[in-house]
file work_29.cif (mmCIF, C-alpha atoms)
data_run
#
loop_
_atom_site.label_atom_id
_atom_site.label_comp_id
_atom_site.auth_asym_id
_atom_site.auth_seq_id
_atom_site.Cartn_x
_atom_site.Cartn_y
_atom_site.Cartn_z
CA MET M 1 0.00 0.00 0.00
CA ILE M 2 1.46 3.30 -1.09
CA VAL M 3 -0.72 5.68 0.88
CA SER M 4 -1.12 5.77 4.64
CA ARG M 5 -4.69 5.21 5.70
CA GLY M 6 -4.26 7.91 8.29
CA PHE M 7 -4.70 6.03 11.52
CA SER M 8 -2.79 3.74 13.83
CA GLY M 9 -4.63 0.67 15.01
CA LYS M 10 -4.39 -0.47 18.58
CA ARG M 11 -4.43 -4.21 18.28
CA ARG M 12 -5.72 -6.45 21.04
CA GLU M 13 -6.76 -10.03 21.53
CA ALA M 14 -10.42 -10.91 21.07
CA PRO M 15 -12.56 -14.05 21.00
CA ALA M 16 -11.87 -15.89 17.76
CA ASP M 17 -15.55 -16.47 17.12
CA ARG M 18 -16.10 -12.72 16.89
CA VAL M 19 -13.23 -11.82 14.59
CA PRO M 20 -13.51 -12.97 10.97
CA PRO M 21 -10.43 -14.39 9.22
CA GLY M 22 -7.80 -11.84 8.25
CA GLN M 23 -9.11 -9.15 10.64
CA TYR M 24 -7.56 -7.50 13.70
CA VAL M 25 -9.44 -5.76 16.50
CA THR M 26 -9.02 -2.05 17.13
CA ASP M 27 -10.44 0.29 19.76
CA ASP M 28 -10.17 3.19 17.32
CA PHE M 29 -12.88 4.09 14.84
CA PRO M 30 -10.86 4.72 11.66
CA VAL M 31 -12.38 7.16 9.17
CA LEU M 32 -12.33 6.03 5.55
CA SER M 33 -13.97 8.10 2.90
CA ALA M 34 -14.41 8.11 -0.86
CA GLY M 35 -14.87 11.88 -0.98
CA PRO M 36 -15.45 15.13 0.85
CA THR M 37 -17.82 15.06 3.82
CA PRO M 38 -21.24 16.38 2.79
CA HIS M 39 -23.15 18.69 5.11
CA THR M 40 -26.76 18.52 3.93
CA PRO M 41 -29.02 20.67 6.16
CA LEU M 42 -31.49 18.49 8.05
CA GLU M 43 -34.42 20.53 6.73
CA GLU M 44 -33.40 19.49 3.20
CA TRP M 45 -32.60 15.88 4.10
CA THR M 46 -34.91 13.06 3.02
CA PHE M 47 -34.67 9.30 2.89
CA GLU M 48 -36.34 7.86 -0.20
CA ILE M 49 -37.13 4.33 -1.34
CA ARG M 50 -37.57 4.16 -5.12
CA GLY M 51 -38.42 1.28 -7.39
CA GLY M 52 -41.59 0.10 -5.63
CA ALA M 53 -45.14 0.73 -6.83
CA GLU M 54 -44.70 4.35 -5.70
CA PRO M 55 -41.64 6.18 -4.37
CA VAL M 56 -41.84 6.70 -0.61
CA SER M 57 -39.84 9.27 1.29
CA TRP M 58 -39.38 10.51 4.83
CA THR M 59 -38.15 13.87 6.05
CA TRP M 60 -35.59 13.95 8.85
CA ASP M 61 -38.31 14.59 11.44
CA GLU M 62 -40.49 11.83 10.00
CA LEU M 63 -37.61 9.35 10.12
CA ARG M 64 -36.79 10.28 13.69
CA ALA M 65 -40.44 9.81 14.65
CA LEU M 66 -40.42 6.18 13.48
CA PRO M 67 -39.84 3.42 16.05
CA SER M 68 -36.10 3.13 16.63
CA GLU M 69 -33.92 0.30 17.83
CA THR M 70 -30.63 0.23 19.71
CA ILE M 71 -28.06 -2.12 18.23
CA THR M 72 -24.82 -3.33 19.80
CA THR M 73 -22.78 -5.11 17.20
CA ASP M 74 -19.31 -5.86 15.86
CA ILE M 75 -18.24 -4.17 12.61
CA HIS M 76 -15.65 -5.39 10.12
CA CYS M 77 -13.88 -3.18 7.56
CA VAL M 78 -12.43 -4.75 4.42
CA THR M 79 -9.18 -2.89 5.21
CA ARG M 80 -8.86 -5.52 7.97
CA TRP M 81 -9.86 -3.73 11.16
CA SER M 82 -12.76 -4.94 13.27
CA LYS M 83 -14.35 -3.03 16.12
CA LEU M 84 -16.35 -4.89 18.75
CA ASP M 85 -19.48 -3.89 20.66
CA THR M 86 -20.26 -0.71 18.73
CA ALA M 87 -23.52 0.89 19.92
CA TRP M 88 -25.95 2.40 17.43
CA GLU M 89 -29.50 3.67 17.27
CA GLY M 90 -31.61 3.82 14.15
CA VAL M 91 -34.64 2.64 12.24
CA ALA M 92 -34.75 -0.93 10.96
CA VAL M 93 -34.89 -1.18 7.17
CA ASP M 94 -37.79 -3.60 7.80
CA THR M 95 -39.76 -0.70 9.28
CA LEU M 96 -39.12 1.46 6.21
CA LEU M 97 -39.95 -1.31 3.74
CA GLU M 98 -43.33 -1.85 5.42
CA ALA M 99 -44.40 1.35 3.66
CA VAL M 100 -43.32 0.13 0.22
CA ASP M 101 -45.19 -2.18 -2.15
CA HIS M 102 -42.54 -4.09 -4.08
CA ASP M 103 -41.23 -7.50 -5.14
CA ALA M 104 -37.58 -6.52 -5.70
CA GLY M 105 -34.68 -8.87 -5.01
CA TYR M 106 -31.92 -6.26 -4.74
CA ALA M 107 -31.29 -2.71 -3.64
CA LEU M 108 -28.76 -0.03 -4.49
CA ALA M 109 -28.17 2.36 -1.60
CA PHE M 110 -27.49 5.92 -2.72
CA CYS M 111 -25.86 8.70 -0.73
CA ASP M 112 -24.93 12.35 -0.60
CA GLY M 113 -21.66 12.70 -2.49
CA GLY M 114 -22.61 10.09 -5.08
CA TYR M 115 -21.51 6.90 -3.30
CA THR M 116 -23.55 3.77 -3.98
CA THR M 117 -23.45 0.18 -2.77
CA ASN M 118 -25.52 -2.82 -3.82
CA LEU M 119 -27.13 -5.40 -1.56
CA PRO M 120 -29.44 -8.36 -1.97
CA LEU M 121 -32.70 -7.47 -0.25
CA GLU M 122 -32.35 -10.51 1.98
CA ASP M 123 -29.32 -8.82 3.57
CA LEU M 124 -31.43 -5.76 4.43
CA VAL M 125 -34.46 -7.43 6.03
CA ASP M 126 -35.30 -9.58 9.05
CA GLY M 127 -33.50 -7.35 11.54
CA LYS M 128 -30.15 -7.31 9.74
CA ALA M 129 -29.95 -3.67 8.61
CA TRP M 130 -30.77 -0.19 9.88
CA VAL M 131 -30.63 3.47 8.95
CA ALA M 132 -28.53 4.57 11.91
CA TYR M 133 -28.38 8.15 13.21
CA ARG M 134 -26.81 7.79 16.66
CA TYR M 135 -23.51 6.21 17.66
CA GLY M 136 -22.13 5.75 21.17
CA GLY M 137 -25.06 7.66 22.66
CA GLU M 138 -24.55 10.75 20.50
CA GLU M 139 -25.76 12.00 17.14
CA LEU M 140 -23.70 10.37 14.40
CA ASP M 141 -20.72 12.54 13.44
CA PRO M 142 -20.55 13.66 9.79
CA GLU M 143 -17.14 12.00 9.42
CA HIS M 144 -18.72 8.68 10.35
CA GLY M 145 -21.66 9.17 8.01
CA GLY M 146 -23.99 11.51 9.88
CA PRO M 147 -26.69 12.54 9.86
CA ALA M 148 -27.48 8.93 8.91
CA ARG M 149 -25.71 5.93 7.50
CA LEU M 150 -26.77 2.48 6.51
CA LEU M 151 -25.76 -0.14 9.10
CA VAL M 152 -25.39 -3.68 7.75
CA PRO M 153 -22.95 -5.13 10.27
CA HIS M 154 -22.93 -8.74 9.02
CA LEU M 155 -21.26 -7.55 5.79
CA TYR M 156 -17.97 -5.66 5.32
CA PHE M 157 -18.44 -2.07 6.40
CA TRP M 158 -18.22 -0.54 2.91
CA LYS M 159 -21.82 -1.81 2.59
CA SER M 160 -22.82 0.38 5.56
CA ALA M 161 -22.96 3.43 3.33
CA LYS M 162 -22.19 6.77 4.95
CA TRP M 163 -24.50 9.76 4.29
CA VAL M 164 -27.19 7.44 2.96
CA ARG M 165 -30.20 9.11 1.35
CA GLY M 166 -32.19 6.17 0.12
CA LEU M 167 -32.57 2.79 -1.51
CA GLU M 168 -33.34 2.06 -5.13
CA LEU M 169 -35.10 -1.30 -5.35
CA ARG M 170 -34.09 -3.43 -8.33
CA ASP M 171 -34.82 -6.76 -9.99
CA GLU M 172 -31.14 -7.23 -10.83
CA ASP M 173 -28.00 -6.82 -8.72
CA GLU M 174 -26.15 -3.77 -10.08
CA PRO M 175 -22.61 -3.17 -8.75
CA GLY M 176 -22.12 -0.03 -6.67
CA PHE M 177 -19.17 2.35 -6.34
CA TRP M 178 -16.60 -0.18 -5.12
CA GLU M 179 -18.26 -3.32 -6.40
CA SER M 180 -17.81 -2.11 -10.00
CA ASN M 181 -14.04 -1.80 -9.53
CA GLY M 182 -12.76 -4.91 -7.81
CA TYR M 183 -14.70 -5.31 -4.58
CA HIS M 184 -16.96 -8.31 -4.04
CA LEU M 185 -20.64 -8.02 -4.90
CA ARG M 186 -21.79 -9.25 -1.47
CA GLY M 187 -18.91 -8.88 1.01
CA ASP M 188 -19.42 -11.47 3.74
CA PRO M 189 -16.46 -11.05 6.15
CA TRP M 190 -16.75 -14.63 7.48
CA LEU M 191 -16.24 -15.92 3.93
CA GLU M 192 -13.55 -13.28 3.23
CA GLN M 193 -15.50 -12.03 0.22
CA ARG M 194 -13.23 -9.02 -0.30
CA TYR M 195 -12.60 -8.87 -4.05
CA TRP M 196 -13.91 -10.21 -7.34
CA GLY M 197 -13.41 -13.97 -7.43
CA ASP M 198 -13.19 -14.42 -3.62
CA MET H 1 -14.75 10.27 17.72
CA THR H 2 -11.44 10.82 16.01
CA GLY H 3 -11.71 14.54 15.34
CA ILE H 4 -10.39 14.11 11.81
CA ALA H 5 -12.20 16.76 9.80
CA GLU H 6 -11.15 15.72 6.33
CA LEU H 7 -9.08 12.96 4.82
CA ARG H 8 -8.07 14.73 1.65
CA LEU H 9 -4.60 14.22 0.24
CA ASP H 10 -3.19 15.45 -3.06
CA GLY H 11 -2.20 13.55 -6.17
CA ASN H 12 1.35 13.01 -4.99
CA ALA H 13 -0.16 10.29 -2.80
CA ILE H 14 -0.72 8.09 -5.86
CA GLY H 15 2.65 8.84 -7.46
CA GLY H 16 4.12 5.54 -6.33
CA VAL H 17 1.33 3.29 -7.51
CA MET H 18 1.06 5.10 -10.87
CA LEU H 19 4.83 4.75 -11.37
CA GLU H 20 4.45 1.05 -10.60
CA LEU H 21 1.57 0.67 -13.06
CA PHE H 22 2.78 2.84 -15.96
CA GLY H 23 6.53 2.62 -15.49
CA ILE H 24 6.93 6.40 -15.69
CA GLU H 25 6.56 9.30 -13.28
CA LEU H 26 3.03 10.69 -13.64
CA THR H 27 2.60 13.31 -10.92
CA ALA H 28 3.26 16.09 -13.45
CA ALA H 29 1.08 14.47 -16.14
CA PRO H 30 -1.87 16.62 -17.22
CA CYS H 31 -5.26 14.92 -16.67
CA SER H 32 -8.61 16.14 -17.96
CA CYS H 33 -11.79 15.66 -15.93
CA ALA H 34 -14.67 13.90 -17.70
CA GLY H 35 -17.08 15.87 -15.52
CA CYS H 36 -16.08 19.50 -16.07
CA GLY H 37 -13.19 19.30 -18.53
CA ALA H 38 -10.71 20.95 -16.17
CA ARG H 39 -7.09 20.01 -16.88
CA GLU H 40 -4.66 19.69 -14.00
CA GLU H 41 -1.43 17.95 -13.22
CA MET H 42 -2.10 14.69 -11.41
CA ALA H 43 -0.34 16.05 -8.31
CA ARG H 44 -3.01 18.77 -8.09
CA LEU H 45 -5.95 16.36 -7.93
CA ASP H 46 -7.70 15.51 -4.63
CA VAL H 47 -7.14 12.03 -3.22
CA TYR H 48 -9.32 10.23 -0.66
CA ILE H 49 -8.60 6.89 0.98
CA GLY H 50 -11.63 4.69 1.48
CA ALA H 51 -11.89 0.98 0.83
CA GLY H 52 -9.69 1.91 -2.14
CA ILE H 53 -8.17 5.11 -3.50
CA VAL H 54 -10.45 7.75 -5.00
CA VAL H 55 -9.00 10.61 -7.05
CA ARG H 56 -11.31 13.57 -7.59
CA CYS H 57 -11.24 16.74 -9.67
CA ARG H 58 -10.28 19.68 -7.48
CA HIS H 59 -12.77 21.89 -9.35
CA CYS H 60 -15.99 19.83 -9.54
CA GLU H 61 -15.20 16.93 -7.14
CA ALA H 62 -16.10 14.35 -9.80
CA VAL H 63 -14.36 11.00 -9.49
CA MET H 64 -11.53 10.86 -12.04
CA ILE H 65 -9.62 7.74 -10.98
CA ARG H 66 -10.37 4.77 -8.72
CA ILE H 67 -7.71 2.30 -7.64
CA VAL H 68 -8.29 -0.90 -5.71
CA GLU H 69 -5.26 -2.94 -4.68
CA ALA H 70 -5.55 -6.58 -3.64
CA GLY H 71 -2.11 -8.13 -3.37
CA GLU H 72 -0.91 -8.81 -6.90
CA ARG H 73 -4.17 -7.58 -8.44
CA ILE H 74 -4.88 -3.91 -9.02
CA TRP H 75 -8.08 -2.48 -10.50
CA LEU H 76 -7.72 0.90 -12.19
CA ASP H 77 -10.77 2.88 -13.31
CA LEU H 78 -9.93 5.89 -15.45
CA SER H 79 -13.47 6.42 -16.78
CA GLY H 80 -13.64 9.85 -15.14
CA THR H 81 -10.43 10.96 -16.89
CA ILE H 82 -11.03 11.78 -20.56
CA SER H 83 -7.37 12.49 -21.27
CA LEU H 84 -4.09 11.62 -19.61
CA GLU H 85 -1.01 13.14 -21.25
CA LEU H 86 2.06 10.93 -20.96
CA THR H 87 5.63 11.90 -21.80
CA ARG H 88 8.07 9.24 -22.89
CA PRO H 89 11.03 8.99 -20.51
#
call {"tool": "encode", "arguments": {"input": "work_29.cif", "output": "structure tokens"}}
result
Amino acid sequence: MIVSRGFSGKRREAPADRVPPGQYVTDDFPVLSAGPTPHTPLEEWTFEIRGGAEPVSWTWDELRALPSETITTDIHCVTRWSKLDTAWEGVAVDTLLEAVDHDAGYALAFCDGGYTTNLPLEDLVDGKAWVAYRYGGEELDPEHGGPARLLVPHLYFWKSAKWVRGLELRDEDEPGFWESNGYHLRGDPWLEQRYWGD
Amino acid sequence: MTGIAELRLDGNAIGGVMLELFGIELTAAPCSCAGCGAREEMARLDVYIGAGIVVRCRHCEAVMIRIVEAGERIWLDLSGTISLELTRP
């Protein structure tokens, strides 16, 4: 690697059944970003689900009024750090999809700044994914994806798109920003699905 | 939280990998943005480090180059760069 990733990991031992192969545990929360940090005013922010019978969207206040869940989970970055017991609050994607009439098999998450990532719908439902707006008991920092990011902790963290603004439901799996240039379409850390062909 | 406000580097950060890929020094090579047409030396582009390397136009922030390195494999996406002027060594 030519470029420093800009952080120093503090490595520590952790239970093997919580750390996928090829990962190390850090207490830091490294910041990785594909572009400048957007600062969309909350009064202009919406979350939209497209591709169903009708597009459905929520304002920031409407999203925050939905039933929320607290999630304590381990996260795994494809750059090989894992962070255990991270604490989040957000709205389950299941809750949002209840408002959408659809029969899609895939979704493409889209974000402020143009980032996208693709996911099979089965990885977004049944309590496996959230739109998260609080981290560690505080509002989510912009550098970590605030005001809201997707949280899909059972997949590599590039799937947990920062600055998420919605989901486009699709019949076909279309590669997102990283998946179209080398990264794996699904990204299961326990199967080390890092790159094409893994 | 880390307190890191921005993770922007400049194009010198990709000088090594581009030298490895092209076999010539490219930091002074003029690149034209497919988004806005602006032409800048590679060293004057903005570089971000995410899951891979993202090189953006300093004028319109469009993605000009994406690089993903995986051991011996490297993926290079130049679709956001409409012209890259090389000079023979």
call {"tool": "resolve_selection", "arguments": {"input": "work_29.cif", "expression": "the PyMOL selection byres ((chain M) within 10 of (chain H))", "output": "PDB file with C-alpha atoms, in the coordinates of the input"}}
result
ATOM      1  CA  MET M   1       0.000   0.000   0.000  1.00  0.00           C
ATOM      2  CA  ILE M   2       1.460   3.300  -1.090  1.00  0.00           C
ATOM      3  CA  VAL M   3      -0.720   5.680   0.880  1.00  0.00           C
ATOM      4  CA  SER M   4      -1.120   5.770   4.640  1.00  0.00           C
ATOM      5  CA  ARG M   5      -4.690   5.210   5.700  1.00  0.00           C
ATOM      6  CA  GLY M   6      -4.260   7.910   8.290  1.00  0.00           C
ATOM      7  CA  PHE M   7      -4.700   6.030  11.520  1.00  0.00           C
ATOM      8  CA  ASP M  28     -10.170   3.190  17.320  1.00  0.00           C
ATOM      9  CA  PHE M  29     -12.880   4.090  14.840  1.00  0.00           C
ATOM     10  CA  PRO M  30     -10.860   4.720  11.660  1.00  0.00           C
ATOM     11  CA  VAL M  31     -12.380   7.160   9.170  1.00  0.00           C
ATOM     12  CA  LEU M  32     -12.330   6.030   5.550  1.00  0.00           C
ATOM     13  CA  SER M  33     -13.970   8.100   2.900  1.00  0.00           C
ATOM     14  CA  ALA M  34     -14.410   8.110  -0.860  1.00  0.00           C
ATOM     15  CA  GLY M  35     -14.870  11.880  -0.980  1.00  0.00           C
ATOM     16  CA  PRO M  36     -15.450  15.130   0.850  1.00  0.00           C
ATOM     17  CA  THR M  37     -17.820  15.060   3.820  1.00  0.00           C
ATOM     18  CA  CYS M  77     -13.880  -3.180   7.560  1.00  0.00           C
ATOM     19  CA  VAL M  78     -12.430  -4.750   4.420  1.00  0.00           C
ATOM     20  CA  THR M  79      -9.180  -2.890   5.210  1.00  0.00           C
ATOM     21  CA  GLY M 113     -21.660  12.700  -2.490  1.00  0.00           C
ATOM     22  CA  GLY M 114     -22.610  10.090  -5.080  1.00  0.00           C
ATOM     23  CA  TYR M 135     -23.510   6.210  17.660  1.00  0.00           C
ATOM     24  CA  GLY M 136     -22.130   5.750  21.170  1.00  0.00           C
ATOM     25  CA  LEU M 140     -23.700  10.370  14.400  1.00  0.00           C
ATOM     26  CA  ASP M 141     -20.720  12.540  13.440  1.00  0.00           C
ATOM     27  CA  PRO M 142     -20.550  13.660   9.790  1.00  0.00           C
ATOM     28  CA  GLU M 143     -17.140  12.000   9.420  1.00  0.00           C
ATOM     29  CA  HIS M 144     -18.720   8.680  10.350  1.00  0.00           C
ATOM     30  CA  PHE M 157     -18.440  -2.070   6.400  1.00  0.00           C
ATOM     31  CA  TRP M 158     -18.220  -0.540   2.910  1.00  0.00           C
ATOM     32  CA  PHE M 177     -19.170   2.350  -6.340  1.00  0.00           C
ATOM     33  CA  TRP M 178     -16.600  -0.180  -5.120  1.00  0.00           C
ATOM     34  CA  SER M 180     -17.810  -2.110 -10.000  1.00  0.00           C
ATOM     35  CA  ASN M 181     -14.040  -1.800  -9.530  1.00  0.00           C
ATOM     36  CA  GLY M 182     -12.760  -4.910  -7.810  1.00  0.00           C
ATOM     37  CA  TYR M 183     -14.700  -5.310  -4.580  1.00  0.00           C
ATOM     38  CA  ARG M 194     -13.230  -9.020  -0.300  1.00  0.00           C
ATOM     39  CA  TYR M 195     -12.600  -8.870  -4.050  1.00  0.00           C
ATOM     40  CA  TRP M 196     -13.910 -10.210  -7.340  1.00  0.00           C
TER      41      TRP M 196
END
call {"tool": "resolve_selection", "arguments": {"input": "work_29.cif", "expression": "the PyMOL selection byres ((chain M and resi 167) around 9)", "output": "JSON, numbers by chain"}}
result
{"M": [47, 48, 49, 50, 51, 107, 108, 109, 110, 111, 164, 165, 166, 168, 169]}
call {"tool": "closest_residue", "arguments": {"input": "work_29.cif", "among": "M:Trp88, M:Tyr106, M:Trp81, M:Trp163", "to": "Gly22 of chain M", "atoms": "all atoms listed in the file"}}
result
M:Trp81
call {"tool": "closest_residue", "arguments": {"input": "work_29.cif", "among": "H:Glu72, H:Asp10, H:Leu45, H:Ser83", "to": "Cys60 of chain H", "atoms": "all atoms listed in the file"}}
result
H:Leu45
call {"tool": "atom_distance", "arguments": {"input": "work_29.cif", "atom1": "atom CA of Cys33 of chain H", "atom2": "atom CA of Thr117 of chain M"}}
result
23.4 Å
call {"tool": "residues_near_point", "arguments": {"input": "work_29.cif", "point": "(-24.0, -0.4, 16.7)", "cutoff": "9 Å", "atoms": "all atoms listed in the file", "output": "JSON, numbers by chain"}}
result
{"M": [70, 71, 72, 73, 74, 75, 85, 86, 87, 88, 89, 132, 134, 135, 136, 151, 153]}
call {"tool": "residues_around", "arguments": {"input": "work_29.cif", "residues": "His39 of chain M", "least_positions_apart": "5", "cutoff": "9 Å", "atoms": "only C-alpha atoms", "output": "ChimeraX atom specification"}}
result
/M:112,142,146-147
call {"tool": "residues_near_point", "arguments": {"input": "work_29.cif", "point": "(-35.4, 8.8, 16.8)", "cutoff": "8 Å", "atoms": "only C-alpha atoms", "output": "compact mmCIF listing (two decimals) with C-alpha atoms, keeping the file's coordinate frame"}}
result
# COMPACT_ATOMS: atom_id res chain seq x y z
CA LEU M 63 -37.61 9.35 10.12
CA ARG M 64 -36.79 10.28 13.69
CA ALA M 65 -40.44 9.81 14.65
CA LEU M 66 -40.42 6.18 13.48
CA PRO M 67 -39.84 3.42 16.05
CA SER M 68 -36.10 3.13 16.63
CA GLU M 89 -29.50 3.67 17.27
CA GLY M 90 -31.61 3.82 14.15
CA VAL M 91 -34.64 2.64 12.24
CA TYR M 133 -28.38 8.15 13.21
call {"tool": "atom_distance", "arguments": {"input": "work_29.cif", "atom1": "atom CA of Glu54 of chain M", "atom2": "atom CA of Glu172 of chain M"}}
result
18.6 Å
call {"tool": "atom_distance", "arguments": {"input": "work_29.cif", "atom1": "atom CA of Glu62 of chain M", "atom2": "atom CA of Pro38 of chain M"}}
result
21.1 Å
call {"tool": "build_atoms", "arguments": {"input": "work_29.cif", "residues": "segment 14-42 of chain M", "atoms": "N, CA and C atoms", "output": "compact mmCIF listing (two decimals), in the coordinates of the input"}}
result
# COMPACT_ATOMS: atom_id res chain seq x y z
N ALA M 14 -8.97 -10.86 20.98
CA ALA M 14 -10.42 -10.91 21.07
C ALA M 14 -10.86 -12.34 20.80
N PRO M 15 -12.06 -12.70 21.24
CA PRO M 15 -12.56 -14.05 21.00
C PRO M 15 -12.55 -14.37 19.51
N ALA M 16 -12.02 -15.54 19.18
CA ALA M 16 -11.87 -15.89 17.76
C ALA M 16 -13.22 -15.96 17.05
N ASP M 17 -14.26 -16.32 17.79
CA ASP M 17 -15.55 -16.47 17.12
C ASP M 17 -16.21 -15.12 16.82
N ARG M 18 -15.55 -14.04 17.22
CA ARG M 18 -16.10 -12.72 16.89
C ARG M 18 -15.26 -11.96 15.88
N VAL M 19 -14.12 -12.52 15.52
CA VAL M 19 -13.23 -11.82 14.59
C VAL M 19 -13.06 -12.66 13.33
N PRO M 20 -13.60 -12.19 12.20
CA PRO M 20 -13.51 -12.97 10.97
C PRO M 20 -12.06 -13.15 10.53
N PRO M 21 -11.81 -14.13 9.67
CA PRO M 21 -10.43 -14.39 9.22
C PRO M 21 -9.81 -13.16 8.56
N GLY M 22 -8.52 -12.94 8.88
CA GLY M 22 -7.80 -11.84 8.25
C GLY M 22 -8.03 -10.48 8.87
N GLN M 23 -8.80 -10.43 9.99
CA GLN M 23 -9.11 -9.15 10.64
C GLN M 23 -8.32 -9.01 11.93
N TYR M 24 -8.07 -7.76 12.36
CA TYR M 24 -7.56 -7.50 13.70
C TYR M 24 -8.51 -6.54 14.40
N VAL M 25 -8.51 -6.58 15.72
CA VAL M 25 -9.44 -5.76 16.50
C VAL M 25 -8.78 -4.45 16.88
N THR M 26 -9.52 -3.36 16.71
CA THR M 26 -9.02 -2.05 17.13
C THR M 26 -10.04 -1.39 18.04
N ASP M 27 -9.55 -0.53 18.95
CA ASP M 27 -10.44 0.29 19.76
C ASP M 27 -10.73 1.62 19.09
N ASP M 28 -9.93 1.96 18.06
CA ASP M 28 -10.17 3.19 17.32
C ASP M 28 -11.41 3.03 16.44
N PHE M 29 -11.83 4.15 15.86
CA PHE M 29 -12.88 4.09 14.84
C PHE M 29 -12.31 4.81 13.62
N PRO M 30 -11.51 4.08 12.80
CA PRO M 30 -10.86 4.72 11.66
C PRO M 30 -11.89 5.35 10.72
N VAL M 31 -11.51 6.46 10.12
CA VAL M 31 -12.38 7.16 9.17
C VAL M 31 -11.86 6.91 7.77
N LEU M 32 -12.65 6.22 6.96
CA LEU M 32 -12.33 6.03 5.55
C LEU M 32 -13.40 6.73 4.74
N SER M 33 -12.99 7.33 3.66
CA SER M 33 -13.97 8.10 2.90
C SER M 33 -13.60 8.13 1.43
N ALA M 34 -14.63 8.06 0.59
CA ALA M 34 -14.41 8.11 -0.86
C ALA M 34 -14.51 9.53 -1.40
N GLY M 35 -14.74 10.51 -0.51
CA GLY M 35 -14.87 11.88 -0.98
C GLY M 35 -15.07 12.85 0.15
N PRO M 36 -15.27 14.12 -0.19
CA PRO M 36 -15.45 15.13 0.85
C PRO M 36 -16.72 14.86 1.67
N THR M 37 -16.68 15.28 2.92
CA THR M 37 -17.82 15.06 3.82
C THR M 37 -18.95 16.02 3.47
N PRO M 38 -20.12 15.49 3.10
CA PRO M 38 -21.24 16.38 2.79
C PRO M 38 -21.87 16.94 4.08
N HIS M 39 -22.48 18.08 3.96
CA HIS M 39 -23.15 18.69 5.11
C HIS M 39 -24.54 19.14 4.68
N THR M 40 -25.40 18.19 4.37
CA THR M 40 -26.76 18.52 3.93
C THR M 40 -27.57 19.01 5.13
N PRO M 41 -28.18 20.20 5.04
CA PRO M 41 -29.02 20.67 6.16
C PRO M 41 -30.17 19.69 6.43
N LEU M 42 -30.47 19.48 7.71
CA LEU M 42 -31.49 18.49 8.05
C LEU M 42 -32.85 18.85 7.46
